[in-house]
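Encoded as structure tokens, the structure appears first; notes follow it.
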Number of protein chains: 2
Amino acid sequence: MRLRDVGEFGLIERIERAVRRSGRARGVVLGIGDDAALLRLRAGDDLAVSTDALVEDVHFRFASEAPRSIGRRALAAALSDLAAMGARPLAVVAALAAPPTLPLAHAEGIVRGIVDGARRWDAPLVGGNVARAKQTSLTLTVLGAVRRGRALTRAGARPGDRIFVTGTLGGAALAVARAARGARVRIAPEPRLAAGLALARLLGVGACIDVSDGLVADLGHLLRASRVGAQIDPARVPRPAGFAAACRRAGADPERLALAGGEDYELLFTLRSRLAPAALQRRLGVRVAEIGAITRVRGLRGLPAAGQTGWTHF
Amino acid sequence: MRLRDVGEFGLIERIERAVRRSGRARGVVLGIGDDAALLRLRAGDDLAVSTDALVEDVHFRFASEAPRSIGRRALAAALSDLAAMGARPLAVVAALAAPPTLPLAHAEGIVRGIVDGARRWDAPLVGGNVARAKQTSLTLTVLGAVRRGRALTRAGARPGDRIFVTGTLGGAALAVARAARGARVRIAPEPRLAAGLALARLLGVGACIDVSDGLVADLGHLLRASRVGAQIDPARVPRPAGFAAACRRAGADPERLALAGGEDYELLFTLRSRLAPAALQRRLGVRVAEIGAITRVRGLRGLPAAGQTGWTHF
């Protein structure tokens with residue numbers, strides 16, 4: 001069965017059934033199926049909104065990833081932007097574009113992946129759109145709630161702030177490198193929602209961004225938005241266990257993957273309190289590493305020379 | 001200049017500049033440029049959210065429509081869903097996918113069209129995404145506010161309700177038919193936002209939907225959601241001035257275009273008060289026509305036989 005066999009409204013009906021099976025969620029006044037969905041915020045909350053797209057052959061390939069994983073990963077990536085603002089997920093809307101020849105199982109798999117993630121991360125699928133296109137793509141818009149005045153932004157870093165990152169970096173880029181060499185890998189990122197919420201409650205947080213394009217690129221966005229610079233120590237950038245050996249086997253450069261590899265969806269943030277890393281870790285519920293400091297002088301220092309690592313476009 | 005000459009971040013910078021020039025809007029706490037935008041609702045308002053996509057060669061062609069018109073029309077179509085809920089626009093986020101070879105002027109034209117419409121309809125562009133794809137597409141997610149308990153839905157029609165439609169139908173379909181024959185046409189739909197807001201304040205409104213897929217299709221959605229039927233009088237479906245003659249010249253069937261043609265973005269609603277059409281028109285600030293009534297018996301009666309008009313799939 002292909003998409004053309006059930007048509008636009010046949011696919012929409014299937015999506016609505018999958019969503020209804022997953023039950024009703026708090027904050028949703030009117031879910032999928034009308035001209036718009038209706039959501040209710042708690043008094044004192046602002047709405048956070050972000051949109052993100054995955055395109056076939058650019059961000060995913062059906063040959064190397066299950067449709068369900070594509071849908072789940074798309075939602076994780078979108079929710080990571082809410083985590084970086086310190087927002088709690090409210091809902092997601094999905095726009096799927098696909099050729100009429102797409103196997104129905106692929107489309108349903110993507111939707112099931114979104115619905116799986118929606119349940120896991122408390123972000124119900126409340127609406128969407130389906131359209132015909134030459135290439136399959138999935139555009140997700142996520143909605144979240146954040147206490148007024150408590151949102152984290154990219155713009156709040158000040159000279160002297162300590163720079164931290166959650167979890168480890170480079171693992172997703174290594175998986176992509178191994179997949180390119182034919183290995184079967186599973187990439188199932190977890191948006192750091194609980195850590196983002198904890199950061200939004202913490203005093204002294206300067207700026208925050210999620211690491212989607214890679215540490216160097218995303219730290220660059222944060223520095224430009226805050227009009228400051230940074231000095232980092234690449235050796236302190238946290239990597240997964242056994243990373244160096246796994247990179248060697250895959251023929252990849254561990255330093256390059258940890259510094260420039262994307263899609264780990266960890267949080268990168270600055271802090272101007274003296275809170276010890278262990279205490280910070282307890283508050284955030286996740287491992288954190290201090291990797292450098294914000295400087296008044298613009299630019300990013302401490303990196304190995306560009307020629308050694310290859311990120312010429314930064 | 002093509003997209004690949006400025007790159008992803010070059011395009012994003014241009015978009016941010018275009019948006020900043022258009023000024024700051026009420027309700028926007030944090031606009032374009034961070035991980036998410038922040039919006040503030042008024043106390044007692046619910047959030048309405050809807051997403052809509054236009055795909056090249058399916059919904060638009062660069063050969064027959066200016067990029068600016070494509071952007072504006074995409075926003076009009078998306079906002080029409082908010083109008084149908086009786087919601088006031090708050091903001092829009094845009095996801096643009098395009099090949100690296102797309103002329104930069106096309107991408108900038110689309111963005112300018114969105115920003116034009118954003119100003120006109122008070123729906124500031126607060127965020128977005130750009131991605132590489134084989135085909136150009138634009139996915140807009142619109143956010144609106146509606147007083148709690150006052151949203152219009154598709155599901156509220158009851159037997160005996162009178163059925164109304166705003167403006168005229170068939171004009172957009174005629175323009176599309178003429179464009180297909182090589183004529184230069186301009187399609188600049190206006191979402192019925194003021195009429196939707198007025199309907200949300202009016203007592204006795206049953207159900208509401210916008211006419212995007214065509215009267216018969218959208219009335220069908222409303223009837224299914226409300227679990228009722230309808231009897232309509234095709235002769236009372238309002239058409240633009242000079243419509244029959246213009247259809248004759250274009251070789252098109254006026255009845256088919258008025259009943260089945262889409263993209264007019266008028267509001268179709270039901271009313272259970274005795275309000276005279278003239279009084280209703282004053283309240284809504286737009287021409288309205290009464291075209292039939294809701295019936296307990298399911299299905300849609302009053303249509304010409306399908307063979308005569310050709311809409312075999314309804």
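Residue numbering restarts at 1 for every chain of the structure tokens, chains are lettered A, B, ... in their displayed order, and ligands are numbered from 1 as they appear.
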_List the spatial neighbours of Leu125 (chain A) as a ChimeraX atom specification - criterion: any atom at most 6 Å away, only C-alpha atoms, same-chain residues fewer than 6 positions off excluded._
/A:91-93
*asked:* Residues of chain A were defined as contacting chain B if any atom lay at most 6 Å from it, counting only C-alpha atoms; please report them as a PyMOL selection string.
replied: chain A and resi 35-40+46-52+81+128-129
Generate the output file for the selected residues, C-alpha atoms, as a short mmCIF file (atom, residue, chain, number, x, y, z; two decimals), in the first residue's frame.
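File written: again_34.cif
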```cif
data_model
loop_
_atom_site.label_atom_id
_atom_site.label_comp_id
_atom_site.auth_asym_id
_atom_site.auth_seq_id
_atom_site.Cartn_x
_atom_site.Cartn_y
_atom_site.Cartn_z
CA ASP A 35 -9.20 24.12 11.71
CA ALA A 36 -6.86 24.76 14.64
CA ALA A 37 -6.05 23.13 17.96
CA LEU A 38 -6.72 24.96 21.23
CA LEU A 39 -4.28 24.95 24.14
CA ARG A 40 -4.53 26.47 27.61
CA ASP A 46 4.59 32.49 28.47
CA LEU A 47 4.37 30.41 25.31
CA ALA A 48 7.58 29.16 23.67
CA VAL A 49 7.41 28.15 20.00
CA SER A 50 10.01 26.65 17.69
CA THR A 51 9.94 24.91 14.30
CA ASP A 52 12.33 22.35 12.82
CA ASP A 81 14.92 23.84 21.43
CA GLY A 128 -0.86 18.89 11.21
CA ASN A 129 -0.89 18.99 7.47
#
```
*Given the choices B:Ile232, B:Ala25, B:Val111, B:Val176, which gets closest to Asp264 (chain B) if the distance is worked out from only C-alpha atoms?*
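Ranking B:Ile232, B:Ala25, B:Val111, B:Val176 by distance to Asp264 (chain B), first place goes to B:Val176.
When CA of Glu255 (chain B) is paired with CA of Ala77 (chain B), their separation reads 23.2 Å.
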Which residues are close to Gly167 (chain A), i.e. within 9 Å by only C-alpha atoms, leaving aside same-chain residues fewer than 6 positions away? Reply as a compact mmCIF listing (two decimals) with C-alpha atoms, in the first residue's frame.
```txt
# COMPACT_ATOMS: atom_id res chain seq x y z
CA PRO A 238 32.99 15.31 27.77
CA ARG A 239 32.94 12.30 25.43
CA PRO A 240 31.09 8.96 25.66
CA ASP A 264 23.77 15.29 20.46
CA GLU A 266 22.96 18.41 24.98
CA LEU A 267 22.59 21.80 26.69
CA VAL A 286 22.41 14.92 34.55
CA ARG A 287 26.20 14.85 34.25
CA VAL A 288 27.73 18.27 33.56
CA ALA A 289 31.25 19.29 32.63
```
*For Leu199 (chain A): contacts at 8 Å, only C-alpha atoms, fewer than 2 positions along chain excluded, given as a list in words*: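 Neighbouring residues, sequence-local ones excluded: Gly86, Leu152, Ala195, Gly196, Leu197, Arg201, Leu202, Val205 and Leu284 of chain A.
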*Using DSSP on the backbone coordinates, identify the residues of region 150-304 of chain A assigned to strand (DSSP E); present them as a PyMOL selection string.*
chain A and resi 162-166+205-211+229-232+266-271+288-295+299-301
If you keep C-alpha atoms, can you produce a file of those selected residues as a CSV table (one decimal), in the first residue's frame?
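The resulting out-v8.csv:
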```csv
chain,number,residue,atom,x,y,z
A,162,ARG,CA,31.7,29.5,33.6
A,163,ILE,CA,30.7,27.4,30.5
A,164,PHE,CA,29.1,24.0,31.0
A,165,VAL,CA,27.8,21.3,28.9
A,166,THR,CA,25.4,18.4,29.9
A,205,VAL,CA,22.4,31.1,34.7
A,206,GLY,CA,23.6,33.4,31.9
A,207,ALA,CA,22.8,31.9,28.5
A,208,CYS,CA,21.7,28.6,27.2
A,209,ILE,CA,21.6,26.9,23.8
A,210,ASP,CA,21.2,23.2,22.7
A,211,VAL,CA,24.1,21.6,20.8
A,229,GLY,CA,33.9,35.7,23.6
A,230,ALA,CA,35.1,32.4,25.2
A,231,GLN,CA,38.1,30.4,26.1
A,232,ILE,CA,37.5,26.7,26.1
A,266,GLU,CA,23.0,18.4,25.0
A,267,LEU,CA,22.6,21.8,26.7
A,268,LEU,CA,25.4,24.3,26.6
A,269,PHE,CA,25.0,27.0,29.2
A,270,THR,CA,26.9,29.6,31.2
A,271,LEU,CA,26.8,30.2,35.0
A,288,VAL,CA,27.7,18.3,33.6
A,289,ALA,CA,31.2,19.3,32.6
A,290,GLU,CA,32.9,22.7,33.0
A,291,ILE,CA,34.7,23.4,29.7
A,292,GLY,CA,35.8,27.0,29.8
A,293,ALA,CA,34.8,30.6,30.5
A,294,ILE,CA,33.2,33.6,28.9
A,295,THR,CA,35.6,36.4,28.0
A,299,GLY,CA,36.0,35.2,19.4
A,300,LEU,CA,36.6,31.6,20.5
A,301,ARG,CA,40.0,30.7,21.9
```
For Val228 (chain B), list every protein, DNA or RNA residue within 7 Å, evaluated using only C-alpha atoms, and leave out those in the same chain fewer than 6 positions away; present the list as a PDB file with N, CA and C atoms, in the first residue's frame.
```pdb
ATOM      1  N   ARG B 158     -26.299  22.118  14.480  1.00  0.00           N
ATOM      2  CA  ARG B 158     -27.445  21.316  14.920  1.00  0.00           C
ATOM      3  C   ARG B 158     -28.562  21.394  13.882  1.00  0.00           C
ATOM      4  N   PRO B 159     -29.390  20.350  13.793  1.00  0.00           N
ATOM      5  CA  PRO B 159     -30.493  20.375  12.831  1.00  0.00           C
ATOM      6  C   PRO B 159     -31.310  21.649  12.998  1.00  0.00           C
ATOM      7  N   ILE B 294     -29.175  23.075   8.050  1.00  0.00           N
ATOM      8  CA  ILE B 294     -28.688  21.806   8.591  1.00  0.00           C
ATOM      9  C   ILE B 294     -29.889  20.864   8.817  1.00  0.00           C
ATOM     10  N   THR B 295     -29.707  19.590   8.470  1.00  0.00           N
ATOM     11  CA  THR B 295     -30.767  18.594   8.633  1.00  0.00           C
ATOM     12  C   THR B 295     -30.291  17.458   9.539  1.00  0.00           C
ATOM     13  N   ARG B 296     -31.292  16.790  10.158  1.00  0.00           N
ATOM     14  CA  ARG B 296     -30.958  15.648  11.002  1.00  0.00           C
ATOM     15  C   ARG B 296     -30.435  14.501  10.128  1.00  0.00           C
ATOM     16  N   VAL B 297     -31.061  14.333   8.938  1.00  0.00           N
ATOM     17  CA  VAL B 297     -30.654  13.267   8.012  1.00  0.00           C
ATOM     18  C   VAL B 297     -29.250  13.573   7.496  1.00  0.00           C
ATOM     19  N   ARG B 298     -28.341  12.595   7.627  1.00  0.00           N
ATOM     20  CA  ARG B 298     -26.956  12.793   7.188  1.00  0.00           C
ATOM     21  C   ARG B 298     -26.868  12.973   5.676  1.00  0.00           C
TER      22      ARG B 298
END
```
